[in-house]
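For reference, start.pdb is printed below; it contains PDB, C-alpha atoms.
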```
ATOM      1  CA  MET A  12      -9.929  -2.490  10.454
ATOM      2  CA  ILE A  13     -12.181   0.573  10.363
ATOM      3  CA  ARG A  14      -9.139   2.809   9.805
ATOM      4  CA  LYS A  15      -8.079   0.729   6.776
ATOM      5  CA  PHE A  16     -11.602   0.886   5.374
ATOM      6  CA  VAL A  17     -11.714   4.678   5.732
ATOM      7  CA  VAL A  18      -8.305   5.049   4.049
ATOM      8  CA  ILE A  19      -9.422   2.844   1.161
ATOM      9  CA  LEU A  20     -12.610   4.859   0.782
ATOM     10  CA  LEU A  21     -10.655   8.127   0.748
ATOM     11  CA  LEU A  22      -8.245   6.817  -1.870
ATOM     12  CA  LEU A  23     -11.075   5.542  -4.001
ATOM     13  CA  SER A  24     -13.150   8.686  -3.651
ATOM     14  CA  SER A  25     -10.308  11.019  -4.650
ATOM     15  CA  ALA A  26      -8.870   8.851  -7.424
ATOM     16  CA  PHE A  27     -12.240   7.656  -8.651
ATOM     17  CA  SER A  28     -14.115  10.985  -8.522
ATOM     18  CA  ALA A  29     -13.462  11.666 -12.214
ATOM     19  CA  HIS A  30     -15.304   8.441 -13.041
ATOM     20  CA  ALA A  31     -17.966   8.507 -10.313
ATOM     21  CA  GLN A  32     -20.801   9.821 -12.478
ATOM     22  CA  GLN A  33     -20.073   7.530 -15.408
ATOM     23  CA  THR A  34     -21.094   4.042 -16.341
ATOM     24  CA  LEU A  35     -17.906   2.224 -17.195
ATOM     25  CA  SER A  36     -17.420  -0.686 -19.542
ATOM     26  CA  LYS A  37     -15.393  -3.647 -18.384
ATOM     27  CA  SER A  38     -12.292  -2.391 -20.220
ATOM     28  CA  GLU A  39     -12.756   1.122 -18.801
ATOM     29  CA  SER A  40     -13.146  -0.211 -15.264
ATOM     30  CA  LEU A  41      -9.981  -2.310 -15.704
ATOM     31  CA  ALA A  42      -8.154   0.811 -16.890
ATOM     32  CA  VAL A  43      -9.348   2.726 -13.797
ATOM     33  CA  GLN A  44      -8.277  -0.209 -11.606
ATOM     34  CA  LYS A  45      -4.812  -0.105 -13.210
ATOM     35  CA  GLU A  46      -4.663   3.681 -12.687
ATOM     36  CA  LEU A  47      -5.492   3.253  -8.996
ATOM     37  CA  GLU A  48      -2.898   0.492  -8.634
ATOM     38  CA  VAL A  49      -0.170   2.623 -10.253
ATOM     39  CA  LYS A  50      -1.036   5.525  -7.934
ATOM     40  CA  TRP A  51      -1.049   3.270  -4.865
ATOM     41  CA  ARG A  52       2.337   1.749  -5.763
ATOM     42  CA  SER A  53       3.808   5.213  -6.282
ATOM     43  CA  ASP A  54       2.421   6.407  -2.940
ATOM     44  CA  MET A  55       3.794   3.324  -1.150
ATOM     45  CA  ARG A  56       7.237   3.670  -2.784
ATOM     46  CA  ASN A  57       7.391   7.283  -1.617
ATOM     47  CA  ARG A  58       6.058   6.474   1.860
ATOM     48  CA  HIS A  59       8.449   3.587   2.493
ATOM     49  CA  GLN A  60      11.566   4.662   0.545
ATOM     50  CA  GLU A  61      13.513   5.693   3.634
ATOM     51  CA  ALA A  62      12.577   2.501   5.497
ATOM     52  CA  ILE A  63      13.820   0.367   2.602
ATOM     53  CA  GLU A  64      17.084   2.319   2.413
ATOM     54  CA  LYS A  65      17.699   2.175   6.180
ATOM     55  CA  GLU A  66      16.337  -1.380   6.551
ATOM     56  CA  VAL A  67      13.993  -0.426   9.375
ATOM     57  CA  PHE A  68      10.251   0.224   9.613
ATOM     58  CA  GLU A  69       9.133   2.525  12.398
ATOM     59  CA  SER A  70       5.801   3.109  14.065
ATOM     60  CA  GLY A  71       5.884   5.369  17.115
ATOM     61  CA  ASP A  72       8.661   4.041  19.354
ATOM     62  CA  LEU A  73       8.738   0.638  17.640
ATOM     63  CA  LYS A  74      11.434  -0.313  15.155
ATOM     64  CA  LEU A  75      11.388  -3.404  12.971
ATOM     65  CA  ARG A  76      14.874  -3.878  11.532
ATOM     66  CA  PHE A  77      15.140  -6.281   8.618
ATOM     67  CA  LYS A  78      17.452  -7.766   6.025
ATOM     68  CA  SER A  79      16.225  -8.640   2.555
ATOM     69  CA  ILE A  80      17.621 -10.766  -0.249
ATOM     70  CA  ILE A  81      16.138 -11.162  -3.737
ATOM     71  CA  TYR A  82      16.442 -14.628  -5.264
ATOM     72  CA  GLY A  83      15.887 -15.698  -8.862
ATOM     73  CA  GLU A  84      14.132 -13.981 -11.726
ATOM     74  CA  LYS A  85      10.846 -12.154 -11.269
ATOM     75  CA  PRO A  86       7.919 -14.231 -12.622
ATOM     76  CA  ALA A  87       5.401 -12.568 -14.927
ATOM     77  CA  ASP A  88       2.850 -12.430 -12.093
ATOM     78  CA  GLY A  89       5.284 -10.837  -9.612
ATOM     79  CA  ARG A  90       7.726 -12.037  -7.000
ATOM     80  CA  SER A  91       6.940 -14.096  -3.912
ATOM     81  CA  LEU A  92       7.568 -12.616  -0.469
ATOM     82  CA  PHE A  93       8.933 -14.839   2.292
ATOM     83  CA  ILE A  94       8.830 -13.251   5.761
ATOM     84  CA  SER A  95      11.036 -15.394   7.973
ATOM     85  CA  LEU A  96      10.662 -14.909  11.732
ATOM     86  CA  HIS A  97      13.565 -15.711  14.040
ATOM     87  CA  GLY A  98      13.433 -17.664  17.251
ATOM     88  CA  GLY A  99      14.684 -16.723  20.668
ATOM     89  CA  GLY A 100      12.287 -14.894  22.900
ATOM     90  CA  GLY A 101      12.733 -14.272  26.594
ATOM     91  CA  VAL A 102      16.508 -14.146  26.432
ATOM     92  CA  PRO A 103      19.097 -11.327  26.341
ATOM     93  CA  ALA A 104      19.151  -9.139  23.221
ATOM     94  CA  ALA A 105      22.479 -10.645  22.131
ATOM     95  CA  VAL A 106      20.878 -14.106  21.892
ATOM     96  CA  ASN A 107      17.950 -12.778  19.857
ATOM     97  CA  ASP A 108      20.405 -10.885  17.632
ATOM     98  CA  GLN A 109      22.243 -14.159  17.011
ATOM     99  CA  GLN A 110      18.943 -15.899  16.240
ATOM    100  CA  TRP A 111      18.107 -13.100  13.766
ATOM    101  CA  ARG A 112      21.523 -13.328  12.049
ATOM    102  CA  ASN A 113      20.967 -17.076  11.698
ATOM    103  CA  GLN A 114      17.481 -16.502  10.255
ATOM    104  CA  ILE A 115      18.861 -14.144   7.601
ATOM    105  CA  ARG A 116      20.763 -17.033   6.014
ATOM    106  CA  LEU A 117      18.561 -19.950   7.080
ATOM    107  CA  TYR A 118      16.447 -20.343   3.921
ATOM    108  CA  LYS A 119      17.181 -19.683   0.247
ATOM    109  CA  PRO A 120      14.075 -19.909  -1.933
ATOM    110  CA  GLU A 121      14.531 -20.389  -5.669
ATOM    111  CA  GLU A 122      12.549 -17.228  -6.370
ATOM    112  CA  GLY A 123      11.281 -14.290  -4.391
ATOM    113  CA  VAL A 124      12.139 -11.679  -1.821
ATOM    114  CA  TYR A 125      13.332 -13.227   1.428
ATOM    115  CA  VAL A 126      12.963 -10.878   4.408
ATOM    116  CA  ALA A 127      14.169 -11.614   7.917
ATOM    117  CA  PRO A 128      12.810  -9.040  10.395
ATOM    118  CA  ARG A 129      14.325  -8.546  13.860
ATOM    119  CA  ALA A 130      11.592  -8.529  16.513
ATOM    120  CA  PRO A 131      11.322  -5.144  18.247
ATOM    121  CA  TRP A 132      11.195  -6.910  21.634
ATOM    122  CA  ASP A 133      13.189  -9.590  23.424
ATOM    123  CA  ALA A 134      10.161 -10.945  25.306
ATOM    124  CA  TRP A 135       9.087 -14.591  25.084
ATOM    125  CA  ASN A 136       6.030 -13.458  23.080
ATOM    126  CA  MET A 137       7.982 -11.108  20.799
ATOM    127  CA  TRP A 138       5.796 -11.746  17.744
ATOM    128  CA  PHE A 139       2.548 -11.258  19.721
ATOM    129  CA  GLN A 140       3.092  -7.688  20.970
ATOM    130  CA  GLU A 141       0.815  -4.780  20.156
ATOM    131  CA  GLY A 142       2.118  -2.843  17.170
ATOM    132  CA  ILE A 143       3.655  -5.737  15.226
ATOM    133  CA  ASP A 144       0.709  -5.942  12.798
ATOM    134  CA  GLU A 145       1.217  -2.359  11.643
ATOM    135  CA  LEU A 146       4.929  -2.997  11.096
ATOM    136  CA  PHE A 147       4.206  -6.135   9.055
ATOM    137  CA  GLU A 148       1.621  -4.203   7.041
ATOM    138  CA  MET A 149       4.262  -1.576   6.195
ATOM    139  CA  LEU A 150       6.728  -4.317   5.265
ATOM    140  CA  ILE A 151       4.257  -5.980   2.894
ATOM    141  CA  GLN A 152       3.201  -2.660   1.330
ATOM    142  CA  ALA A 153       6.838  -1.761   0.714
ATOM    143  CA  ALA A 154       7.578  -5.202  -0.753
ATOM    144  CA  VAL A 155       4.683  -4.917  -3.200
ATOM    145  CA  ALA A 156       5.677  -1.389  -4.233
ATOM    146  CA  HIS A 157       9.504  -1.658  -4.232
ATOM    147  CA  TRP A 158      10.257  -5.250  -5.158
ATOM    148  CA  GLU A 159       7.207  -5.992  -7.329
ATOM    149  CA  VAL A 160       5.883  -8.641  -4.970
ATOM    150  CA  ASN A 161       2.546 -10.184  -5.840
ATOM    151  CA  PRO A 162       0.318  -9.616  -2.766
ATOM    152  CA  ASP A 163      -1.229 -13.052  -3.380
ATOM    153  CA  LYS A 164       2.191 -14.680  -2.901
ATOM    154  CA  VAL A 165       3.122 -13.659   0.659
ATOM    155  CA  TYR A 166       4.378 -16.461   2.892
ATOM    156  CA  LEU A 167       5.377 -16.633   6.557
ATOM    157  CA  LEU A 168       8.157 -18.842   7.873
ATOM    158  CA  GLY A 169       9.362 -19.201  11.408
ATOM    159  CA  TYR A 170      11.852 -21.044  13.547
ATOM    160  CA  SER A 171      11.048 -21.870  17.185
ATOM    161  CA  ALA A 172       9.507 -18.687  18.680
ATOM    162  CA  GLY A 173       9.228 -17.484  15.079
ATOM    163  CA  GLY A 174       6.933 -20.469  14.488
ATOM    164  CA  ASP A 175       4.730 -19.138  17.288
ATOM    165  CA  GLY A 176       4.634 -15.837  15.402
ATOM    166  CA  VAL A 177       3.575 -17.591  12.204
ATOM    167  CA  TRP A 178       0.773 -19.349  14.090
ATOM    168  CA  ARG A 179      -0.325 -16.030  15.598
ATOM    169  CA  MET A 180      -0.279 -14.209  12.257
ATOM    170  CA  ALA A 181      -2.209 -17.026  10.570
TER     171      ALA A 181
END
```
Output the structure of this file as structure tokens.
Amino acid sequence: MIRKFVVILLLLSSAFSAHAQQTLSKSESLAVQKELEVKWRSDMRNRHQEAIEKEVFESGDLKLRFKSIIYGEKPADGRSLFISLHGGGGVPAAVNDQQWRNQIRLYKPEEGVYVAPRAPWDAWNMWFQEGIDELFEMLIQAAVAHWEVNPDKVYLLGYSAGGDGVWRMA
């Protein structure tokens, strides 16, 4: 949490420095907010472009493969994001792979970006392992920047062990 706070402060200080010594009106502050949002989205698109193309987010030795499908038309306030976690767990990788393939086609929302990630582990607690939060954070950042997802419309779904992951994330 401290790391995120420091990053936010650095982004604000560099992008906001031109306005730091000014008193801004409401319309001026909204314009600065929009400027910061455009810069953030551009930075996130650049940072996560390769992951989107290869369908895998990486952090250290961890890899979160995923499949994504866009459904419906984009609403004026941005798309929804549905992160759908597969079941399985403490079984051979082939079983978890089958569970993931099933999850990819399990739900079809009327609107939004449907993403089915493949857990980096085959352990019974595959959605509870250290490092998963950072991978989900990258996934959500990329979805907001690349697919115009509204960050207030992010939903978690899960089947079986994936339901455990939803409970844990909540």
Using all atoms listed in the file for the distances, tell me which of A:Lys37, A:Ile63, A:Ala172, A:Leu92 is nearest to Gln114 in chain A.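 The shortest atom-to-atom distance to Gln114 in chain A comes from A:Ala172.
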Any chance you could work out the residue set of the PyMOL selection byres ((chain A and resi 123) around 10) here, as a list in words?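 Selection result, ordered by chain and number: Ile80, Ile81, Tyr82, Gly83, Glu84, Lys85, Pro86, Gly89, Arg90, Ser91, Leu92, Phe93, Lys119, Pro120, Glu121, Glu122, Val124, Tyr125, Val126, Trp158, Glu159, Val160, Asn161, Lys164 and Val165 of chain A.
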Interatomic distance between CA of Asn113 in chain A and CA of Asp133 in chain A?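 So the answer is 15.9 Å.
Distance check against Gly169 in chain A using all atoms listed in the file: of A:Ala181, A:Ala104, A:Val67, A:Ala156, the minimum falls on A:Ala181.
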For the file shown, what are the residues hit by the PyMOL selection byres ((chain A and resi 100) around 12), laid out as JSON, numbers by chain? {"A": [96, 97, 98, 99, 101, 102, 103, 104, 105, 106, 107, 108, 109, 110, 111, 129, 130, 131, 132, 133, 134, 135, 136, 137, 138, 139, 140, 170, 171, 172, 173, 174, 175, 176]}
Go ahead and save the picked residues with C-alpha atoms, as a short mmCIF file (atom, residue, chain, number, x, y, z; two decimals), in the frame of the given file.
```cif
data_model
loop_
_atom_site.label_atom_id
_atom_site.label_comp_id
_atom_site.auth_asym_id
_atom_site.auth_seq_id
_atom_site.Cartn_x
_atom_site.Cartn_y
_atom_site.Cartn_z
CA LEU A 96 10.66 -14.91 11.73
CA HIS A 97 13.56 -15.71 14.04
CA GLY A 98 13.43 -17.66 17.25
CA GLY A 99 14.68 -16.72 20.67
CA GLY A 101 12.73 -14.27 26.59
CA VAL A 102 16.51 -14.15 26.43
CA PRO A 103 19.10 -11.33 26.34
CA ALA A 104 19.15 -9.14 23.22
CA ALA A 105 22.48 -10.64 22.13
CA VAL A 106 20.88 -14.11 21.89
CA ASN A 107 17.95 -12.78 19.86
CA ASP A 108 20.40 -10.88 17.63
CA GLN A 109 22.24 -14.16 17.01
CA GLN A 110 18.94 -15.90 16.24
CA TRP A 111 18.11 -13.10 13.77
CA ARG A 129 14.32 -8.55 13.86
CA ALA A 130 11.59 -8.53 16.51
CA PRO A 131 11.32 -5.14 18.25
CA TRP A 132 11.20 -6.91 21.63
CA ASP A 133 13.19 -9.59 23.42
CA ALA A 134 10.16 -10.94 25.31
CA TRP A 135 9.09 -14.59 25.08
CA ASN A 136 6.03 -13.46 23.08
CA MET A 137 7.98 -11.11 20.80
CA TRP A 138 5.80 -11.75 17.74
CA PHE A 139 2.55 -11.26 19.72
CA GLN A 140 3.09 -7.69 20.97
CA TYR A 170 11.85 -21.04 13.55
CA SER A 171 11.05 -21.87 17.18
CA ALA A 172 9.51 -18.69 18.68
CA GLY A 173 9.23 -17.48 15.08
CA GLY A 174 6.93 -20.47 14.49
CA ASP A 175 4.73 -19.14 17.29
CA GLY A 176 4.63 -15.84 15.40
#
```
Neighbour list for Met149 in chain A as a VMD selection string, cut-off 12 Å, all atoms listed in the file, skip fewer than 2 positions in-chain: chain A and resid 55 to 56 58 to 60 62 to 63 67 to 70 74 to 75 142 to 147 151 to 157
Correct to one decimal, the distance CA of Gly71 in chain A-CA of Pro128 in chain A is 17.3 Å
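What separates CA of Asp163 in chain A from CA of Arg116 in chain A is a distance of 24.2 Å.
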Nearest to Val177 in chain A: which of A:Leu150, A:Ile94, A:Leu47, A:Ile115 is it, counting all atoms listed in the file?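 The shortest atom-to-atom distance to Val177 in chain A comes from A:Ile94.
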Once 3 Å is added on each side, what are the centre and the three edge lengths, in Å to one decimal, of the axis-aligned box enclosing the listed atoms of range 37-41 of chain A? Present them as lines of an AutoDock Vina configuration file.
```
center_x = -12.7
center_y = -1.3
center_z = -17.7
size_x = 11.4
size_y = 10.8
size_z = 11.0
```
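If you measure from each of A:Trp51, A:Ser79, A:Glu148, A:Ala87 to Glu64 in chain A using only C-alpha atoms, the closest one turns out to be A:Ser79.
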For a quick check of understanding, using only C-alpha atoms, which of A:Leu35, A:Trp178, A:Lys78, A:Leu41 has the smallest distance to Glu66 in chain A?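 Residue with the minimum atom-to-atom distance to Glu66 in chain A: A:Lys78.
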